[in-house]
Structures are given as C-alpha cells and as structure tokens.
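Dropping upload.pdb in here (PDB, C-alpha atoms, pLDDT in the B column):
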```pdb
MODEL        1
ATOM      1  CA  MET A   1       0.000   0.000   0.000  1.00 92.00           C
ATOM      2  CA  LYS A   2       1.545   3.248  -1.165  1.00 95.00           C
ATOM      3  CA  THR A   3       1.012   6.290   1.017  1.00 97.00           C
ATOM      4  CA  ARG A   4       2.396   9.783   0.619  1.00 96.00           C
ATOM      5  CA  VAL A   5       3.011  12.110   3.520  1.00 98.00           C
ATOM      6  CA  VAL A   6       3.426  15.753   2.562  1.00 97.00           C
ATOM      7  CA  VAL A   7       5.217  17.861   5.163  1.00 98.00           C
ATOM      8  CA  THR A   8       5.093  21.635   4.747  1.00 97.00           C
ATOM      9  CA  LEU A   9       6.118  24.544   6.918  1.00 97.00           C
ATOM     10  CA  LYS A  10       3.228  26.223   8.711  1.00 97.00           C
ATOM     11  CA  PRO A  11       2.136  29.573   7.288  1.00 94.00           C
ATOM     12  CA  GLY A  12       4.141  32.327   8.931  1.00 94.00           C
ATOM     13  CA  VAL A  13       7.224  30.181   9.497  1.00 97.00           C
ATOM     14  CA  LEU A  14      10.181  31.608   7.591  1.00 97.00           C
ATOM     15  CA  ASP A  15      11.220  29.450   4.599  1.00 97.00           C
ATOM     16  CA  PRO A  16      14.759  30.422   3.507  1.00 97.00           C
ATOM     17  CA  GLN A  17      14.929  27.560   0.988  1.00 97.00           C
ATOM     18  CA  GLY A  18      11.736  28.793  -0.667  1.00 97.00           C
ATOM     19  CA  LYS A  19      13.089  32.340  -0.671  1.00 97.00           C
ATOM     20  CA  ALA A  20      16.288  31.142  -2.363  1.00 98.00           C
ATOM     21  CA  VAL A  21      14.342  29.257  -5.037  1.00 98.00           C
ATOM     22  CA  HIS A  22      12.125  32.316  -5.620  1.00 98.00           C
ATOM     23  CA  HIS A  23      15.192  34.513  -6.026  1.00 97.00           C
ATOM     24  CA  ALA A  24      16.852  32.023  -8.390  1.00 98.00           C
ATOM     25  CA  LEU A  25      13.725  31.707 -10.556  1.00 97.00           C
ATOM     26  CA  THR A  26      13.548  35.488 -10.855  1.00 97.00           C
ATOM     27  CA  GLY A  27      17.240  35.572 -11.724  1.00 97.00           C
ATOM     28  CA  LEU A  28      16.672  33.012 -14.469  1.00 97.00           C
ATOM     29  CA  GLY A  29      14.084  35.305 -16.026  1.00 96.00           C
ATOM     30  CA  PHE A  30      10.899  33.580 -14.881  1.00 95.00           C
ATOM     31  CA  GLY A  31       8.423  36.337 -14.100  1.00 91.00           C
ATOM     32  CA  GLY A  32       5.050  36.022 -12.441  1.00 93.00           C
ATOM     33  CA  VAL A  33       6.261  34.026  -9.470  1.00 96.00           C
ATOM     34  CA  ASN A  34       4.544  35.415  -6.368  1.00 97.00           C
ATOM     35  CA  ASP A  35       5.704  32.979  -3.726  1.00 96.00           C
ATOM     36  CA  VAL A  36       7.604  29.731  -3.326  1.00 97.00           C
ATOM     37  CA  ARG A  37       7.510  27.337  -0.366  1.00 97.00           C
ATOM     38  CA  VAL A  38       9.516  24.149  -0.206  1.00 98.00           C
ATOM     39  CA  GLY A  39       8.426  21.089   1.735  1.00 98.00           C
ATOM     40  CA  LYS A  40       9.164  17.416   1.744  1.00 97.00           C
ATOM     41  CA  ILE A  41       7.299  14.357   0.632  1.00 98.00           C
ATOM     42  CA  VAL A  42       7.734  10.921   2.177  1.00 98.00           C
ATOM     43  CA  GLU A  43       6.566   8.005   0.052  1.00 97.00           C
ATOM     44  CA  LEU A  44       5.836   5.010   2.270  1.00 97.00           C
ATOM     45  CA  ASP A  45       5.302   1.482   1.043  1.00 97.00           C
ATOM     46  CA  LEU A  46       3.300   0.006   3.912  1.00 96.00           C
ATOM     47  CA  ALA A  47       1.771  -3.391   4.638  1.00 96.00           C
ATOM     48  CA  ASP A  48      -1.837  -3.541   3.459  1.00 94.00           C
ATOM     49  CA  GLY A  49      -4.293  -2.520   6.133  1.00 91.00           C
ATOM     50  CA  THR A  50      -2.015  -0.181   8.041  1.00 93.00           C
ATOM     51  CA  ALA A  51      -4.355   2.114   9.960  1.00 94.00           C
ATOM     52  CA  THR A  52      -4.379   5.832   9.242  1.00 94.00           C
ATOM     53  CA  ALA A  53      -3.954   6.357  12.988  1.00 96.00           C
ATOM     54  CA  ASP A  54      -0.609   4.530  12.786  1.00 96.00           C
ATOM     55  CA  ILE A  55       0.538   6.696   9.885  1.00 96.00           C
ATOM     56  CA  GLU A  56      -0.447   9.820  11.843  1.00 97.00           C
ATOM     57  CA  ASP A  57       1.571   8.459  14.729  1.00 97.00           C
ATOM     58  CA  MET A  58       4.617   8.078  12.445  1.00 97.00           C
ATOM     59  CA  CYS A  59       4.198  11.687  11.333  1.00 97.00           C
ATOM     60  CA  ARG A  60       3.879  13.034  14.837  1.00 97.00           C
ATOM     61  CA  LYS A  61       6.778  11.005  16.227  1.00 97.00           C
ATOM     62  CA  LEU A  62       9.269  11.214  13.362  1.00 97.00           C
ATOM     63  CA  LEU A  63       8.323  12.620   9.993  1.00 98.00           C
ATOM     64  CA  ALA A  64       7.103  16.087  10.929  1.00 98.00           C
ATOM     65  CA  ASN A  65       8.022  18.635  13.562  1.00 97.00           C
ATOM     66  CA  THR A  66       4.493  19.648  14.509  1.00 97.00           C
ATOM     67  CA  VAL A  67       5.665  22.850  16.184  1.00 97.00           C
ATOM     68  CA  ILE A  68       6.581  24.377  12.828  1.00 98.00           C
ATOM     69  CA  GLU A  69       5.276  21.921  10.228  1.00 98.00           C
ATOM     70  CA  ASN A  70       1.931  20.624   9.010  1.00 98.00           C
ATOM     71  CA  PHE A  71       1.532  17.177   7.531  1.00 98.00           C
ATOM     72  CA  ARG A  72      -1.023  15.712   5.173  1.00 97.00           C
ATOM     73  CA  ILE A  73      -1.543  12.015   4.458  1.00 97.00           C
ATOM     74  CA  GLU A  74      -2.507  11.100   0.892  1.00 95.00           C
ATOM     75  CA  GLN A  75      -3.396   7.571  -0.159  1.00 88.00           C
ATOM     76  CA  ALA A  76      -2.002   6.927  -3.636  1.00 70.00           C
TER      77      ALA A  76
ATOM     78  CA  MET B   1      -2.567  30.131  -9.258  1.00 92.00           C
ATOM     79  CA  LYS B   2      -1.178  27.482  -6.913  1.00 95.00           C
ATOM     80  CA  THR B   3       0.945  24.769  -8.469  1.00 97.00           C
ATOM     81  CA  ARG B   4       2.813  21.938  -6.775  1.00 96.00           C
ATOM     82  CA  VAL B   5       5.948  20.403  -8.203  1.00 98.00           C
ATOM     83  CA  VAL B   6       6.849  17.022  -6.730  1.00 97.00           C
ATOM     84  CA  VAL B   7      10.492  16.041  -7.179  1.00 98.00           C
ATOM     85  CA  THR B   8      11.429  12.428  -6.432  1.00 97.00           C
ATOM     86  CA  LEU B   9      14.552  10.379  -6.960  1.00 97.00           C
ATOM     87  CA  LYS B  10      14.388   8.070  -9.968  1.00 97.00           C
ATOM     88  CA  PRO B  11      13.874   4.391  -9.187  1.00 94.00           C
ATOM     89  CA  GLY B  12      17.245   2.738  -8.707  1.00 94.00           C
ATOM     90  CA  VAL B  13      18.930   5.877  -7.369  1.00 97.00           C
ATOM     91  CA  LEU B  14      20.116   5.306  -3.808  1.00 97.00           C
ATOM     92  CA  ASP B  15      18.108   7.253  -1.216  1.00 97.00           C
ATOM     93  CA  PRO B  16      20.070   7.429   2.052  1.00 97.00           C
ATOM     94  CA  GLN B  17      17.538   9.799   3.648  1.00 97.00           C
ATOM     95  CA  GLY B  18      14.745   7.327   2.929  1.00 97.00           C
ATOM     96  CA  LYS B  19      16.858   4.486   4.325  1.00 97.00           C
ATOM     97  CA  ALA B  20      17.471   6.476   7.506  1.00 98.00           C
ATOM     98  CA  VAL B  21      13.747   7.205   7.934  1.00 98.00           C
ATOM     99  CA  HIS B  22      12.933   3.533   7.333  1.00 98.00           C
ATOM    100  CA  HIS B  23      15.472   2.478   9.950  1.00 97.00           C
ATOM    101  CA  ALA B  24      14.175   5.041  12.440  1.00 98.00           C
ATOM    102  CA  LEU B  25      10.535   3.956  11.936  1.00 97.00           C
ATOM    103  CA  THR B  26      11.507   0.339  12.567  1.00 97.00           C
ATOM    104  CA  GLY B  27      13.451   1.423  15.646  1.00 97.00           C
ATOM    105  CA  LEU B  28      10.371   3.242  16.966  1.00 97.00           C
ATOM    106  CA  GLY B  29       8.394   0.004  16.708  1.00 96.00           C
ATOM    107  CA  PHE B  30       6.431   0.669  13.520  1.00 95.00           C
ATOM    108  CA  GLY B  31       6.233  -2.652  11.692  1.00 91.00           C
ATOM    109  CA  GLY B  32       4.990  -3.300   8.184  1.00 93.00           C
ATOM    110  CA  VAL B  33       7.083  -0.602   6.522  1.00 96.00           C
ATOM    111  CA  ASN B  34       8.452  -2.073   3.292  1.00 97.00           C
ATOM    112  CA  ASP B  35      10.140   0.943   1.778  1.00 96.00           C
ATOM    113  CA  VAL B  36      10.549   4.677   2.295  1.00 97.00           C
ATOM    114  CA  ARG B  37      11.615   7.262  -0.261  1.00 97.00           C
ATOM    115  CA  VAL B  38      11.965  10.954   0.485  1.00 98.00           C
ATOM    116  CA  GLY B  39      11.460  13.659  -2.081  1.00 98.00           C
ATOM    117  CA  LYS B  40      10.711  17.346  -2.101  1.00 97.00           C
ATOM    118  CA  ILE B  41       7.682  19.380  -2.920  1.00 98.00           C
ATOM    119  CA  VAL B  42       7.809  22.935  -4.247  1.00 98.00           C
ATOM    120  CA  GLU B  43       4.618  24.950  -3.852  1.00 97.00           C
ATOM    121  CA  LEU B  44       4.566  27.778  -6.373  1.00 97.00           C
ATOM    122  CA  ASP B  45       2.185  30.708  -6.295  1.00 97.00           C
ATOM    123  CA  LEU B  46       2.229  31.797  -9.943  1.00 96.00           C
ATOM    124  CA  ALA B  47       0.522  34.522 -11.946  1.00 96.00           C
ATOM    125  CA  ASP B  48      -2.727  33.269 -13.480  1.00 94.00           C
ATOM    126  CA  GLY B  49      -2.256  31.827 -16.933  1.00 91.00           C
ATOM    127  CA  THR B  50       1.353  30.708 -16.526  1.00 93.00           C
ATOM    128  CA  ALA B  51       1.845  28.025 -19.186  1.00 94.00           C
ATOM    129  CA  THR B  52       2.637  24.459 -18.163  1.00 94.00           C
ATOM    130  CA  ALA B  53       5.582  24.628 -20.569  1.00 96.00           C
ATOM    131  CA  ASP B  54       7.047  27.457 -18.466  1.00 95.00           C
ATOM    132  CA  ILE B  55       6.642  25.437 -15.279  1.00 96.00           C
ATOM    133  CA  GLU B  56       8.348  22.464 -16.938  1.00 97.00           C
ATOM    134  CA  ASP B  57      11.138  24.806 -17.931  1.00 97.00           C
ATOM    135  CA  MET B  58      11.539  25.911 -14.279  1.00 97.00           C
ATOM    136  CA  CYS B  59      11.748  22.258 -13.243  1.00 97.00           C
ATOM    137  CA  ARG B  60      14.340  21.390 -15.865  1.00 97.00           C
ATOM    138  CA  LYS B  61      16.480  24.459 -15.234  1.00 97.00           C
ATOM    139  CA  LEU B  62      16.324  24.723 -11.463  1.00 97.00           C
ATOM    140  CA  LEU B  63      13.939  22.630  -9.393  1.00 98.00           C
ATOM    141  CA  ALA B  64      14.953  19.117 -10.425  1.00 98.00           C
ATOM    142  CA  ASN B  65      18.181  17.427 -11.412  1.00 97.00           C
ATOM    143  CA  THR B  66      16.796  15.403 -14.295  1.00 97.00           C
ATOM    144  CA  VAL B  67      19.794  13.063 -14.324  1.00 97.00           C
ATOM    145  CA  ILE B  68      18.706  11.485 -11.035  1.00 98.00           C
ATOM    146  CA  GLU B  69      15.281  12.988 -10.327  1.00 98.00           C
ATOM    147  CA  ASN B  70      11.790  12.871 -11.798  1.00 98.00           C
ATOM    148  CA  PHE B  71       9.353  15.735 -11.444  1.00 98.00           C
ATOM    149  CA  ARG B  72       5.590  15.887 -11.584  1.00 97.00           C
ATOM    150  CA  ILE B  73       3.496  19.039 -11.909  1.00 97.00           C
ATOM    151  CA  GLU B  74       0.170  19.070 -10.034  1.00 95.00           C
ATOM    152  CA  GLN B  75      -2.316  21.903 -10.335  1.00 88.00           C
ATOM    153  CA  ALA B  76      -3.910  22.507  -6.925  1.00 70.00           C
TER     154      ALA B  76
ENDMDL
END
```

Represent the structure contained in this file as structure tokens.
Amino acid sequence: MKTRVVVTLKPGVLDPQGKAVHHALTGLGFGGVNDVRVGKIVELDLADGTATADIEDMCRKLLANTVIENFRIEQA
Amino acid sequence: MKTRVVVTLKPGVLDPQGKAVHHALTGLGFGGVNDVRVGKIVELDLADGTATADIEDMCRKLLANTVIENFRIEQA
C-alpha cells in the first residue's frame, strides 16, 4: 500500500529555501512568481491494512516537527 | 494560481535519507514498513495563466536534477 506524507512549513514560518528558489527563478528570467515554499514528501510502502492512525503516529513522532510543520496524508 | 511540483529520486537511485527514515521507523516500533523514499515538494504561487511549458522549464532548469530525479506538476 503506497502512502504519501506531505510535510510543509506552517504559514508564517520563515522558509529560507523557498526564498532562495524564488530569487533564483527570478534571476533566471521567470516572471510572475509570487511565492515559493519548499516542503518534503515521504513516500511510504506500507503493509496492506495499516491504519491511518498509525501513519499519523509516524508523522507526529518522526516525519514532521508539529511545532513548525503541518503534515497531510494522501493515499495513492 | 497554486501549483505543486513534486520532485522524487528516480527508481534505482540510492536514497540514504529514505533508508534512515525507514530504519528510524523500525526502531520506533512501527512494523509493516516495506520501503521509504523521500522527495521534495515545491509549492509555487504563480501569476494566473502561466503556461505548463514554463513550469516544466523551471523544473528542468532549477527545481529538479533530471539526471537522477523525476518531477511531476500538479495543479492545486
């Protein structure tokens, strides 16, 4: 069972990596970019029937820092 | 216009970060994890009407290293 966990910085938390990408895109001549935020995606190949509660537990304990990051679980 | 670019390592490319996460999940007692791969997600806030070709261009020139990474463009 393939599951994706998307971890993104909470709104309001400074994102220097996103800022750098934004700056670089502008420098390369790409206009019309208003904002860039960079997050991470964790693709898990789990045993069938793994409960969503368990996946949330993984996120809270390891994959995301819930003080500054949000996570979203997407079943592929 | 919100657009997400998902950048993942190509199959067969070694993913030490994914291996480390896998190991840590097992160490925390989460069973049934077969594989973990870690990628990045770039959330772009673009001017309305930005062409998909332009976004692909951004990916090829900056966001992804197409030698070892695949990218996928998802309109939110």

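Residues lying at most 8 Å from (6.5, 19.2, 8.5) in file coordinates, with all atoms listed in the file considered, are Val6, Val7, Thr8, Leu9, Lys10, Gly39, Lys40, Leu63, Ala64, Asn65, Thr66, Ile68, Glu69, Asn70 and Phe71 of chain A.
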
Taking only residues of chain B that have an atom at most 8 Å from an atom of chain A, what is each one's shortest atom pair and its distance in Å to one decimal, using only C-alpha atoms, in chain and number order, as JSON lines?
```
{"residue": "B:Val6", "atom": "CA", "partner": "A:Ile41", "partner_atom": "CA", "distance": 7.8}
{"residue": "B:Gly18", "atom": "CA", "partner": "A:Val42", "partner_atom": "CA", "distance": 7.9}
{"residue": "B:Val21", "atom": "CA", "partner": "A:Leu63", "partner_atom": "CA", "distance": 7.9}
{"residue": "B:Ala24", "atom": "CA", "partner": "A:Leu62", "partner_atom": "CA", "distance": 7.9}
{"residue": "B:Leu25", "atom": "CA", "partner": "A:Met58", "partner_atom": "CA", "distance": 7.2}
{"residue": "B:Phe30", "atom": "CA", "partner": "A:Met58", "partner_atom": "CA", "distance": 7.7}
{"residue": "B:Gly32", "atom": "CA", "partner": "A:Ala47", "partner_atom": "CA", "distance": 4.8}
{"residue": "B:Val33", "atom": "CA", "partner": "A:Leu46", "partner_atom": "CA", "distance": 4.6}
{"residue": "B:Asn34", "atom": "CA", "partner": "A:Asp45", "partner_atom": "CA", "distance": 5.3}
{"residue": "B:Asp35", "atom": "CA", "partner": "A:Asp45", "partner_atom": "CA", "distance": 4.9}
{"residue": "B:Val36", "atom": "CA", "partner": "A:Leu44", "partner_atom": "CA", "distance": 4.7}
{"residue": "B:Arg37", "atom": "CA", "partner": "A:Glu43", "partner_atom": "CA", "distance": 5.1}
{"residue": "B:Val38", "atom": "CA", "partner": "A:Val42", "partner_atom": "CA", "distance": 4.6}
{"residue": "B:Gly39", "atom": "CA", "partner": "A:Ile41", "partner_atom": "CA", "distance": 5.0}
{"residue": "B:Lys40", "atom": "CA", "partner": "A:Lys40", "partner_atom": "CA", "distance": 4.1}
{"residue": "B:Ile41", "atom": "CA", "partner": "A:Gly39", "partner_atom": "CA", "distance": 5.0}
{"residue": "B:Val42", "atom": "CA", "partner": "A:Val38", "partner_atom": "CA", "distance": 4.6}
{"residue": "B:Glu43", "atom": "CA", "partner": "A:Arg37", "partner_atom": "CA", "distance": 5.1}
{"residue": "B:Leu44", "atom": "CA", "partner": "A:Val36", "partner_atom": "CA", "distance": 4.7}
{"residue": "B:Asp45", "atom": "CA", "partner": "A:Asp35", "partner_atom": "CA", "distance": 4.9}
{"residue": "B:Leu46", "atom": "CA", "partner": "A:Val33", "partner_atom": "CA", "distance": 4.6}
{"residue": "B:Ala47", "atom": "CA", "partner": "A:Gly32", "partner_atom": "CA", "distance": 4.8}
{"residue": "B:Thr50", "atom": "CA", "partner": "A:Gly32", "partner_atom": "CA", "distance": 7.7}
{"residue": "B:Met58", "atom": "CA", "partner": "A:Leu25", "partner_atom": "CA", "distance": 7.2}
{"residue": "B:Leu62", "atom": "CA", "partner": "A:Leu25", "partner_atom": "CA", "distance": 7.5}
{"residue": "B:Leu63", "atom": "CA", "partner": "A:Val21", "partner_atom": "CA", "distance": 7.9}
```

For C-alpha atoms, I'd like the residues from the last selection saved as a short mmCIF file (atom, residue, chain, number, x, y, z; two decimals), in the coordinates of the input.
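The file below, again-v3.cif, is the result:
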```
data_model
loop_
_atom_site.label_atom_id
_atom_site.label_comp_id
_atom_site.auth_asym_id
_atom_site.auth_seq_id
_atom_site.Cartn_x
_atom_site.Cartn_y
_atom_site.Cartn_z
CA VAL B 6 6.85 17.02 -6.73
CA GLY B 18 14.74 7.33 2.93
CA VAL B 21 13.75 7.20 7.93
CA ALA B 24 14.18 5.04 12.44
CA LEU B 25 10.54 3.96 11.94
CA PHE B 30 6.43 0.67 13.52
CA GLY B 32 4.99 -3.30 8.18
CA VAL B 33 7.08 -0.60 6.52
CA ASN B 34 8.45 -2.07 3.29
CA ASP B 35 10.14 0.94 1.78
CA VAL B 36 10.55 4.68 2.30
CA ARG B 37 11.62 7.26 -0.26
CA VAL B 38 11.96 10.95 0.48
CA GLY B 39 11.46 13.66 -2.08
CA LYS B 40 10.71 17.35 -2.10
CA ILE B 41 7.68 19.38 -2.92
CA VAL B 42 7.81 22.94 -4.25
CA GLU B 43 4.62 24.95 -3.85
CA LEU B 44 4.57 27.78 -6.37
CA ASP B 45 2.18 30.71 -6.30
CA LEU B 46 2.23 31.80 -9.94
CA ALA B 47 0.52 34.52 -11.95
CA THR B 50 1.35 30.71 -16.53
CA MET B 58 11.54 25.91 -14.28
CA LEU B 62 16.32 24.72 -11.46
CA LEU B 63 13.94 22.63 -9.39
#
```

Chain B superposed on chain A over all ordered C-alpha pairs, least squares: can you write that as a PDB file with C-alpha atoms, in the coordinates of the input?
```pdb
ATOM      1  CA  MET B   1      -0.018  -0.009   0.004  1.00 92.00           C
ATOM      2  CA  LYS B   2       1.547   3.250  -1.171  1.00 95.00           C
ATOM      3  CA  THR B   3       1.001   6.289   1.011  1.00 97.00           C
ATOM      4  CA  ARG B   4       2.392   9.792   0.608  1.00 96.00           C
ATOM      5  CA  VAL B   5       3.012  12.103   3.524  1.00 98.00           C
ATOM      6  CA  VAL B   6       3.422  15.754   2.571  1.00 97.00           C
ATOM      7  CA  VAL B   7       5.218  17.858   5.176  1.00 98.00           C
ATOM      8  CA  THR B   8       5.093  21.639   4.750  1.00 97.00           C
ATOM      9  CA  LEU B   9       6.123  24.545   6.924  1.00 97.00           C
ATOM     10  CA  LYS B  10       3.231  26.224   8.721  1.00 97.00           C
ATOM     11  CA  PRO B  11       2.138  29.571   7.303  1.00 94.00           C
ATOM     12  CA  GLY B  12       4.135  32.332   8.950  1.00 94.00           C
ATOM     13  CA  VAL B  13       7.223  30.178   9.504  1.00 97.00           C
ATOM     14  CA  LEU B  14      10.171  31.603   7.582  1.00 97.00           C
ATOM     15  CA  ASP B  15      11.214  29.456   4.607  1.00 97.00           C
ATOM     16  CA  PRO B  16      14.743  30.414   3.515  1.00 97.00           C
ATOM     17  CA  GLN B  17      14.924  27.558   0.988  1.00 97.00           C
ATOM     18  CA  GLY B  18      11.735  28.795  -0.664  1.00 97.00           C
ATOM     19  CA  LYS B  19      13.089  32.352  -0.686  1.00 97.00           C
ATOM     20  CA  ALA B  20      16.285  31.148  -2.358  1.00 98.00           C
ATOM     21  CA  VAL B  21      14.334  29.248  -5.035  1.00 98.00           C
ATOM     22  CA  HIS B  22      12.131  32.297  -5.630  1.00 98.00           C
ATOM     23  CA  HIS B  23      15.190  34.508  -6.028  1.00 97.00           C
ATOM     24  CA  ALA B  24      16.853  32.020  -8.373  1.00 98.00           C
ATOM     25  CA  LEU B  25      13.718  31.706 -10.554  1.00 97.00           C
ATOM     26  CA  THR B  26      13.538  35.487 -10.871  1.00 97.00           C
ATOM     27  CA  GLY B  27      17.243  35.569 -11.711  1.00 97.00           C
ATOM     28  CA  LEU B  28      16.686  32.999 -14.473  1.00 97.00           C
ATOM     29  CA  GLY B  29      14.083  35.291 -16.030  1.00 96.00           C
ATOM     30  CA  PHE B  30      10.896  33.563 -14.883  1.00 95.00           C
ATOM     31  CA  GLY B  31       8.413  36.331 -14.118  1.00 91.00           C
ATOM     32  CA  GLY B  32       5.043  36.027 -12.438  1.00 93.00           C
ATOM     33  CA  VAL B  33       6.269  34.014  -9.461  1.00 96.00           C
ATOM     34  CA  ASN B  34       4.542  35.411  -6.373  1.00 97.00           C
ATOM     35  CA  ASP B  35       5.706  32.984  -3.728  1.00 96.00           C
ATOM     36  CA  VAL B  36       7.605  29.727  -3.330  1.00 97.00           C
ATOM     37  CA  ARG B  37       7.517  27.344  -0.387  1.00 97.00           C
ATOM     38  CA  VAL B  38       9.514  24.136  -0.202  1.00 98.00           C
ATOM     39  CA  GLY B  39       8.413  21.099   1.727  1.00 98.00           C
ATOM     40  CA  LYS B  40       9.169  17.414   1.750  1.00 97.00           C
ATOM     41  CA  ILE B  41       7.307  14.370   0.631  1.00 98.00           C
ATOM     42  CA  VAL B  42       7.738  10.931   2.179  1.00 98.00           C
ATOM     43  CA  GLU B  43       6.564   8.014   0.054  1.00 97.00           C
ATOM     44  CA  LEU B  44       5.837   5.026   2.266  1.00 97.00           C
ATOM     45  CA  ASP B  45       5.309   1.495   1.035  1.00 97.00           C
ATOM     46  CA  LEU B  46       3.302   0.001   3.906  1.00 96.00           C
ATOM     47  CA  ALA B  47       1.778  -3.391   4.628  1.00 96.00           C
ATOM     48  CA  ASP B  48      -1.834  -3.555   3.443  1.00 94.00           C
ATOM     49  CA  GLY B  49      -4.298  -2.524   6.106  1.00 91.00           C
ATOM     50  CA  THR B  50      -2.006  -0.187   8.037  1.00 93.00           C
ATOM     51  CA  ALA B  51      -4.359   2.112   9.960  1.00 94.00           C
ATOM     52  CA  THR B  52      -4.382   5.837   9.242  1.00 94.00           C
ATOM     53  CA  ALA B  53      -3.949   6.365  12.986  1.00 96.00           C
ATOM     54  CA  ASP B  54      -0.609   4.528  12.788  1.00 95.00           C
ATOM     55  CA  ILE B  55       0.532   6.700   9.892  1.00 96.00           C
ATOM     56  CA  GLU B  56      -0.450   9.823  11.839  1.00 97.00           C
ATOM     57  CA  ASP B  57       1.561   8.472  14.734  1.00 97.00           C
ATOM     58  CA  MET B  58       4.622   8.082  12.455  1.00 97.00           C
ATOM     59  CA  CYS B  59       4.189  11.688  11.330  1.00 97.00           C
ATOM     60  CA  ARG B  60       3.887  13.029  14.859  1.00 97.00           C
ATOM     61  CA  LYS B  61       6.787  11.001  16.226  1.00 97.00           C
ATOM     62  CA  LEU B  62       9.266  11.216  13.376  1.00 97.00           C
ATOM     63  CA  LEU B  63       8.322  12.622   9.986  1.00 98.00           C
ATOM     64  CA  ALA B  64       7.108  16.094  10.939  1.00 98.00           C
ATOM     65  CA  ASN B  65       8.027  18.640  13.569  1.00 97.00           C
ATOM     66  CA  THR B  66       4.502  19.650  14.506  1.00 97.00           C
ATOM     67  CA  VAL B  67       5.677  22.852  16.189  1.00 97.00           C
ATOM     68  CA  ILE B  68       6.582  24.392  12.827  1.00 98.00           C
ATOM     69  CA  GLU B  69       5.282  21.913  10.247  1.00 98.00           C
ATOM     70  CA  ASN B  70       1.941  20.620   9.010  1.00 98.00           C
ATOM     71  CA  PHE B  71       1.535  17.169   7.529  1.00 98.00           C
ATOM     72  CA  ARG B  72      -1.015  15.714   5.167  1.00 97.00           C
ATOM     73  CA  ILE B  73      -1.542  12.020   4.453  1.00 97.00           C
ATOM     74  CA  GLU B  74      -2.511  11.103   0.876  1.00 95.00           C
ATOM     75  CA  GLN B  75      -3.394   7.574  -0.158  1.00 88.00           C
ATOM     76  CA  ALA B  76      -1.996   6.930  -3.646  1.00 70.00           C
TER      77      ALA B  76
END
```

Margin query: As an exercise, work out the distance from CA of Glu74 (chain A) to CA of Glu56 (chain A) in Å and give it to one decimal place.
Written below: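 If I compute the distance from CA of Glu74 (chain A) to CA of Glu56 (chain A), I get 11.2 Å.
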
Check: When you draw a straight line from CA of Gly27 (chain A) to CA of Val13 (chain A), how long is it in Å?
Finding: 24.1 Å

Item checked: CA of Ala76 (chain B) to CA of Ala53 (chain B), distance in Å rounded to a single decimal ->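 So the two atoms, CA of Ala76 (chain B) and CA of Ala53 (chain B), lie 16.8 Å apart.
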
Report, as lines of an AutoDock Vina configuration file, the centre and edge lengths in Å (one decimal) of the axis-aligned box enclosing every listed atom of region 43-54 of chain B, padded by 5 Å on each side.
```
center_x = 2.2
center_y = 29.5
center_z = -12.2
size_x = 19.8
size_y = 20.1
size_z = 26.7
```
